[in-house]
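As provided, work-v1.cif (mmCIF, N, CA and C atoms) reads as follows.
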```cif
data_input
#
loop_
_atom_site.label_atom_id
_atom_site.label_comp_id
_atom_site.auth_asym_id
_atom_site.auth_seq_id
_atom_site.Cartn_x
_atom_site.Cartn_y
_atom_site.Cartn_z
N MET L 176 178.03 45.79 107.77
CA MET L 176 176.90 45.06 107.25
C MET L 176 176.04 46.00 106.42
N LEU L 177 175.58 45.55 105.30
CA LEU L 177 174.70 46.28 104.40
C LEU L 177 175.33 47.55 103.84
N GLU L 178 176.66 47.58 103.70
CA GLU L 178 177.33 48.77 103.21
C GLU L 178 177.09 49.05 101.74
N SER L 179 176.90 48.03 100.95
CA SER L 179 176.77 48.23 99.50
C SER L 179 175.32 48.07 99.01
N THR L 180 174.38 48.49 99.82
CA THR L 180 172.98 48.37 99.45
C THR L 180 172.45 49.67 98.86
N VAL L 181 171.31 49.58 98.23
CA VAL L 181 170.66 50.78 97.69
C VAL L 181 170.39 51.77 98.81
N TRP L 182 170.00 51.26 99.95
CA TRP L 182 169.72 52.13 101.09
C TRP L 182 170.93 52.99 101.44
N ARG L 183 172.11 52.36 101.52
CA ARG L 183 173.32 53.07 101.93
C ARG L 183 173.84 54.03 100.86
N GLN L 184 173.38 53.91 99.63
CA GLN L 184 173.77 54.88 98.61
C GLN L 184 173.22 56.26 98.94
N TYR L 185 172.10 56.31 99.63
CA TYR L 185 171.43 57.58 99.91
C TYR L 185 171.38 57.93 101.40
N ASN L 186 171.63 56.96 102.26
CA ASN L 186 171.55 57.18 103.71
C ASN L 186 172.87 56.80 104.36
N ALA L 187 173.27 57.60 105.35
CA ALA L 187 174.57 57.38 106.00
C ALA L 187 174.58 56.17 106.93
N ASP L 188 173.42 55.78 107.42
CA ASP L 188 173.37 54.63 108.33
C ASP L 188 172.21 53.71 107.97
N ASN L 189 172.11 52.61 108.68
CA ASN L 189 171.05 51.63 108.42
C ASN L 189 169.78 51.98 109.20
N SER L 190 169.23 53.15 108.93
CA SER L 190 168.06 53.63 109.67
C SER L 190 166.75 53.20 109.01
N PHE L 191 166.79 52.23 108.11
CA PHE L 191 165.58 51.81 107.41
C PHE L 191 164.53 51.25 108.36
N ARG L 192 164.96 50.69 109.46
CA ARG L 192 164.04 50.11 110.45
C ARG L 192 163.09 51.19 111.00
N GLU L 193 163.62 52.37 111.32
CA GLU L 193 162.80 53.46 111.85
C GLU L 193 161.82 53.96 110.80
N LYS L 194 162.28 54.12 109.57
CA LYS L 194 161.40 54.59 108.50
C LYS L 194 160.33 53.55 108.19
N LEU L 195 160.71 52.30 108.22
CA LEU L 195 159.77 51.22 107.97
C LEU L 195 158.67 51.21 109.03
N ALA L 196 159.06 51.39 110.29
CA ALA L 196 158.07 51.43 111.37
C ALA L 196 157.10 52.59 111.17
N GLU L 197 157.63 53.71 110.72
CA GLU L 197 156.79 54.89 110.48
C GLU L 197 155.78 54.63 109.38
N TYR L 198 156.22 54.07 108.26
CA TYR L 198 155.33 53.88 107.12
C TYR L 198 154.41 52.67 107.25
N CYS L 199 154.85 51.66 107.97
CA CYS L 199 154.02 50.46 108.16
C CYS L 199 153.07 50.60 109.35
N VAL L 200 153.22 51.66 110.10
CA VAL L 200 152.43 51.90 111.30
C VAL L 200 152.55 50.70 112.23
N MET L 201 153.78 50.38 112.56
CA MET L 201 154.09 49.27 113.46
C MET L 201 155.09 49.76 114.50
N ASP L 202 155.15 49.05 115.61
CA ASP L 202 156.16 49.34 116.63
C ASP L 202 157.49 48.77 116.16
N ILE L 203 158.56 49.50 116.38
CA ILE L 203 159.88 49.09 115.90
C ILE L 203 160.33 47.76 116.52
N ASN L 204 159.82 47.43 117.70
CA ASN L 204 160.20 46.19 118.38
C ASN L 204 159.54 44.95 117.77
N GLU L 205 158.56 45.16 116.90
CA GLU L 205 157.87 44.03 116.26
C GLU L 205 158.67 43.45 115.09
N PHE L 206 159.62 44.21 114.58
CA PHE L 206 160.35 43.79 113.39
C PHE L 206 161.37 42.70 113.69
N ILE L 207 161.74 41.99 112.66
CA ILE L 207 162.80 41.00 112.74
C ILE L 207 164.06 41.69 113.25
N GLU L 208 164.76 41.07 114.16
CA GLU L 208 165.92 41.72 114.80
C GLU L 208 167.12 41.87 113.87
N ASN L 209 167.36 40.89 113.02
CA ASN L 209 168.54 40.92 112.16
C ASN L 209 168.31 41.88 110.99
N ASP L 210 169.15 42.92 110.89
CA ASP L 210 169.01 43.92 109.83
C ASP L 210 169.14 43.31 108.44
N LYS L 211 170.06 42.38 108.29
CA LYS L 211 170.29 41.78 106.98
C LYS L 211 169.05 40.99 106.52
N THR L 212 168.46 40.23 107.42
CA THR L 212 167.26 39.46 107.10
C THR L 212 166.10 40.40 106.79
N LEU L 213 165.92 41.43 107.61
CA LEU L 213 164.84 42.38 107.39
C LEU L 213 165.01 43.11 106.06
N TYR L 214 166.22 43.52 105.75
CA TYR L 214 166.47 44.20 104.48
C TYR L 214 166.20 43.27 103.30
N GLY L 215 166.54 42.00 103.45
CA GLY L 215 166.26 41.01 102.41
C GLY L 215 164.77 40.87 102.14
N ILE L 216 163.98 40.91 103.19
CA ILE L 216 162.53 40.83 103.03
C ILE L 216 162.00 42.09 102.36
N ILE L 217 162.53 43.24 102.75
CA ILE L 217 162.13 44.50 102.10
C ILE L 217 162.42 44.41 100.60
N LYS L 218 163.60 43.92 100.25
CA LYS L 218 163.97 43.77 98.84
C LYS L 218 163.04 42.83 98.11
N SER L 219 162.58 41.79 98.78
CA SER L 219 161.69 40.82 98.11
C SER L 219 160.27 41.37 97.93
N LYS L 220 159.86 42.29 98.77
CA LYS L 220 158.51 42.84 98.71
C LYS L 220 158.39 44.05 97.79
N LEU L 221 159.50 44.73 97.52
CA LEU L 221 159.48 45.93 96.69
C LEU L 221 160.20 45.68 95.37
N THR L 222 159.79 46.42 94.35
CA THR L 222 160.54 46.38 93.09
C THR L 222 161.82 47.18 93.30
N LYS L 223 162.75 47.07 92.37
CA LYS L 223 164.00 47.83 92.48
C LYS L 223 163.73 49.33 92.51
N LYS L 224 162.80 49.78 91.68
CA LYS L 224 162.46 51.21 91.65
C LYS L 224 161.82 51.65 92.96
N GLU L 225 160.94 50.81 93.52
CA GLU L 225 160.30 51.16 94.78
C GLU L 225 161.33 51.23 95.91
N LEU L 226 162.27 50.30 95.93
CA LEU L 226 163.30 50.31 96.95
C LEU L 226 164.17 51.56 96.84
N LYS L 227 164.52 51.93 95.62
CA LYS L 227 165.31 53.13 95.40
C LYS L 227 164.52 54.38 95.80
N LEU L 228 163.24 54.41 95.48
CA LEU L 228 162.39 55.53 95.86
C LEU L 228 162.30 55.63 97.38
N PHE L 229 162.14 54.51 98.06
CA PHE L 229 162.08 54.48 99.52
C PHE L 229 163.38 55.03 100.11
N ALA L 230 164.50 54.61 99.59
CA ALA L 230 165.80 55.07 100.08
C ALA L 230 165.99 56.56 99.82
N MET L 231 165.66 56.99 98.63
CA MET L 231 165.85 58.41 98.28
C MET L 231 164.89 59.30 99.07
N ASP L 232 163.64 58.90 99.18
CA ASP L 232 162.66 59.69 99.90
C ASP L 232 163.01 59.78 101.38
N SER L 233 163.50 58.69 101.94
CA SER L 233 163.89 58.68 103.36
C SER L 233 165.12 59.54 103.62
N ALA L 234 165.96 59.70 102.60
CA ALA L 234 167.17 60.52 102.73
C ALA L 234 166.89 61.98 102.40
N ASP L 235 165.63 62.32 102.17
CA ASP L 235 165.22 63.68 101.82
C ASP L 235 165.94 64.21 100.58
N VAL L 236 166.09 63.35 99.59
CA VAL L 236 166.63 63.77 98.30
C VAL L 236 165.59 64.70 97.67
N SER L 237 166.04 65.73 97.00
CA SER L 237 165.12 66.71 96.44
C SER L 237 164.19 66.05 95.41
N GLU L 238 163.00 66.63 95.31
CA GLU L 238 162.01 66.12 94.37
C GLU L 238 162.53 66.18 92.93
N GLU L 239 163.27 67.21 92.60
CA GLU L 239 163.82 67.36 91.26
C GLU L 239 164.79 66.22 90.93
N ASN L 240 165.62 65.86 91.90
CA ASN L 240 166.56 64.76 91.69
C ASN L 240 165.84 63.42 91.52
N MET L 241 164.77 63.22 92.28
CA MET L 241 164.00 61.98 92.15
C MET L 241 163.27 61.93 90.81
N ILE L 242 162.72 63.05 90.39
CA ILE L 242 162.05 63.11 89.09
C ILE L 242 163.03 62.76 87.99
N GLU L 243 164.23 63.28 88.08
CA GLU L 243 165.27 62.99 87.09
C GLU L 243 165.71 61.53 87.15
N ALA L 244 165.90 61.01 88.36
CA ALA L 244 166.38 59.63 88.53
C ALA L 244 165.38 58.60 87.99
N PHE L 245 164.09 58.89 88.13
CA PHE L 245 163.08 57.93 87.71
C PHE L 245 162.43 58.28 86.38
N SER L 246 162.87 59.36 85.76
CA SER L 246 162.31 59.81 84.47
C SER L 246 160.79 59.97 84.55
N LEU L 247 160.34 60.66 85.58
CA LEU L 247 158.92 60.88 85.80
C LEU L 247 158.63 62.38 85.81
N ASP L 248 157.36 62.71 85.69
CA ASP L 248 156.96 64.08 85.95
C ASP L 248 156.53 64.16 87.41
N LYS L 249 156.15 65.34 87.87
CA LYS L 249 155.79 65.51 89.27
C LYS L 249 154.61 64.63 89.67
N GLU L 250 153.62 64.55 88.80
CA GLU L 250 152.44 63.72 89.07
C GLU L 250 152.81 62.24 89.13
N GLY L 251 153.68 61.81 88.25
CA GLY L 251 154.14 60.42 88.25
C GLY L 251 154.88 60.07 89.53
N LEU L 252 155.68 61.01 90.02
CA LEU L 252 156.40 60.79 91.28
C LEU L 252 155.42 60.68 92.45
N LEU L 253 154.43 61.53 92.47
CA LEU L 253 153.42 61.46 93.53
C LEU L 253 152.68 60.12 93.51
N LYS L 254 152.35 59.64 92.32
CA LYS L 254 151.67 58.34 92.19
C LYS L 254 152.59 57.20 92.65
N ALA L 255 153.87 57.28 92.29
CA ALA L 255 154.82 56.23 92.69
C ALA L 255 154.97 56.21 94.21
N ARG L 256 155.06 57.38 94.83
CA ARG L 256 155.15 57.45 96.30
C ARG L 256 153.90 56.88 96.94
N PHE L 257 152.74 57.26 96.42
CA PHE L 257 151.48 56.76 96.97
C PHE L 257 151.43 55.24 96.91
N LYS L 258 151.80 54.69 95.77
CA LYS L 258 151.78 53.23 95.58
C LYS L 258 152.75 52.54 96.55
N LEU L 259 153.94 53.12 96.71
CA LEU L 259 154.94 52.55 97.61
C LEU L 259 154.44 52.52 99.04
N TYR L 260 153.98 53.65 99.53
CA TYR L 260 153.57 53.71 100.93
C TYR L 260 152.25 52.99 101.19
N LYS L 261 151.44 52.85 100.16
CA LYS L 261 150.24 52.02 100.27
C LYS L 261 150.64 50.55 100.44
N LYS L 262 151.66 50.14 99.72
CA LYS L 262 152.16 48.76 99.80
C LYS L 262 152.66 48.46 101.21
N PHE L 263 153.33 49.43 101.85
CA PHE L 263 153.83 49.24 103.21
C PHE L 263 152.70 49.02 104.21
N LYS L 264 151.55 49.59 103.94
CA LYS L 264 150.43 49.48 104.88
C LYS L 264 149.59 48.22 104.67
N GLN L 265 149.83 47.49 103.60
CA GLN L 265 149.08 46.26 103.34
C GLN L 265 149.52 45.17 104.31
N ASP L 266 148.56 44.41 104.81
CA ASP L 266 148.86 43.36 105.77
C ASP L 266 149.85 42.33 105.24
N LYS L 267 149.70 41.95 103.97
CA LYS L 267 150.60 40.92 103.44
C LYS L 267 152.06 41.38 103.44
N THR L 268 152.28 42.68 103.34
CA THR L 268 153.64 43.22 103.39
C THR L 268 154.08 43.42 104.83
N ARG L 269 153.24 44.08 105.62
CA ARG L 269 153.59 44.38 107.01
C ARG L 269 153.88 43.12 107.82
N LEU L 270 153.04 42.11 107.65
CA LEU L 270 153.19 40.90 108.45
C LEU L 270 154.48 40.15 108.13
N SER L 271 154.99 40.31 106.93
CA SER L 271 156.24 39.62 106.57
C SER L 271 157.45 40.21 107.30
N PHE L 272 157.32 41.42 107.83
CA PHE L 272 158.41 42.07 108.57
C PHE L 272 158.43 41.69 110.04
N ARG L 273 157.38 41.06 110.51
CA ARG L 273 157.27 40.74 111.95
C ARG L 273 158.15 39.57 112.33
N ALA L 274 158.78 39.71 113.49
CA ALA L 274 159.62 38.64 114.01
C ALA L 274 158.81 37.40 114.35
N SER L 275 157.58 37.58 114.77
CA SER L 275 156.75 36.43 115.18
C SER L 275 156.34 35.57 113.99
N ASN L 276 156.49 36.07 112.78
CA ASN L 276 156.14 35.28 111.59
C ASN L 276 157.31 34.52 111.02
N GLN L 277 158.49 34.64 111.60
CA GLN L 277 159.67 33.97 111.11
C GLN L 277 159.79 32.57 111.68
N ILE L 278 160.13 31.62 110.83
CA ILE L 278 160.34 30.24 111.25
C ILE L 278 161.78 30.10 111.68
N ASN L 279 161.98 29.61 112.88
CA ASN L 279 163.36 29.45 113.40
C ASN L 279 163.93 28.09 113.08
#
```
Would you mind writing the file's structure down as structure tokens?
Amino acid sequence: MLESTVWRQYNADNSFREKLAEYCVMDINEFIENDKTLYGIIKSKLTKKELKLFAMDSADVSEENMIEAFSLDKEGLLKARFKLYKKFKQDKTRLSFRASNQIN
């Protein structure tokens, strides 16, 4: 499951749930249980570049490689990271990841 995703291009396993909990400041048990559904929501909340940045940053890809991949300078990369992780902390984003907000 999720073998051909942007996340798996840079990470060996589907550990996005742990990283998401860290950046959203939420308990891992609050998230939607199904990885595929949760990943789909992540994709809908982030732009393609933000999703790629999240995957690369979580995989500890070097800053130089990220600067090259996104055609940014160091300051631009810092701003992009700040914007991404700020988005994770917003209620409208965080609440969409919660299992209790899903309609069954």
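Around Lys258 (chain L), within 12 Å and counting only C-alpha atoms, the residues found are Leu221, Thr222, Lys224, Glu225, Leu226, Leu228, Phe229, Gly251, Leu252, Leu253, Lys254, Lys262, Phe263, Lys264 and Gln265 of chain L, once anything fewer than 4 positions away on its own chain is removed.
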Quick one, how far is CA of Ala234 (chain L) from CA of Trp182 (chain L)?
8.9 Å
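You will find CA of Lys218 (chain L) at 11.3 Å from CA of Phe272 (chain L).
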For Ser271 (chain L), list every protein, DNA or RNA residue within 8 Å, evaluated using only N, CA and C atoms, and leave out those in the same chain fewer than 6 positions away; present the list as a PDB file with N, CA and C atoms, keeping the file's coordinate frame.
```pdb
ATOM      1  N   PHE L 206     159.620  44.210 114.580  1.00  0.00           N
ATOM      2  CA  PHE L 206     160.350  43.790 113.390  1.00  0.00           C
ATOM      3  C   PHE L 206     161.370  42.700 113.690  1.00  0.00           C
ATOM      4  N   ILE L 207     161.740  41.990 112.660  1.00  0.00           N
ATOM      5  CA  ILE L 207     162.800  41.000 112.740  1.00  0.00           C
ATOM      6  C   ILE L 207     164.060  41.690 113.250  1.00  0.00           C
ATOM      7  N   LEU L 213     165.920  41.430 107.610  1.00  0.00           N
ATOM      8  CA  LEU L 213     164.840  42.380 107.390  1.00  0.00           C
ATOM      9  C   LEU L 213     165.010  43.110 106.060  1.00  0.00           C
ATOM     10  N   ILE L 216     163.980  40.910 103.190  1.00  0.00           N
ATOM     11  CA  ILE L 216     162.530  40.830 103.030  1.00  0.00           C
ATOM     12  C   ILE L 216     162.000  42.090 102.360  1.00  0.00           C
ATOM     13  N   ILE L 217     162.530  43.240 102.750  1.00  0.00           N
ATOM     14  CA  ILE L 217     162.130  44.500 102.100  1.00  0.00           C
ATOM     15  C   ILE L 217     162.420  44.410 100.600  1.00  0.00           C
ATOM     16  N   GLN L 265     149.830  47.490 103.600  1.00  0.00           N
ATOM     17  CA  GLN L 265     149.080  46.260 103.340  1.00  0.00           C
ATOM     18  C   GLN L 265     149.520  45.170 104.310  1.00  0.00           C
ATOM     19  N   GLN L 277     158.490  34.640 111.600  1.00  0.00           N
ATOM     20  CA  GLN L 277     159.670  33.970 111.110  1.00  0.00           C
ATOM     21  C   GLN L 277     159.790  32.570 111.680  1.00  0.00           C
TER      22      GLN L 277
END
```
Test item: the PyMOL selection byres (((chain L and resi 186 and name CA) around 8) and name CA) resolved as a list in words
Trp182, Arg183, Gln184, Tyr185, Ala187, Asp188, Asn189, Ser190, Ala230, Met231, Ser233 and Ala234 of chain L
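What separates CA of Ala244 (chain L) from atom N of Cys199 (chain L) is a distance of 24.0 Å.
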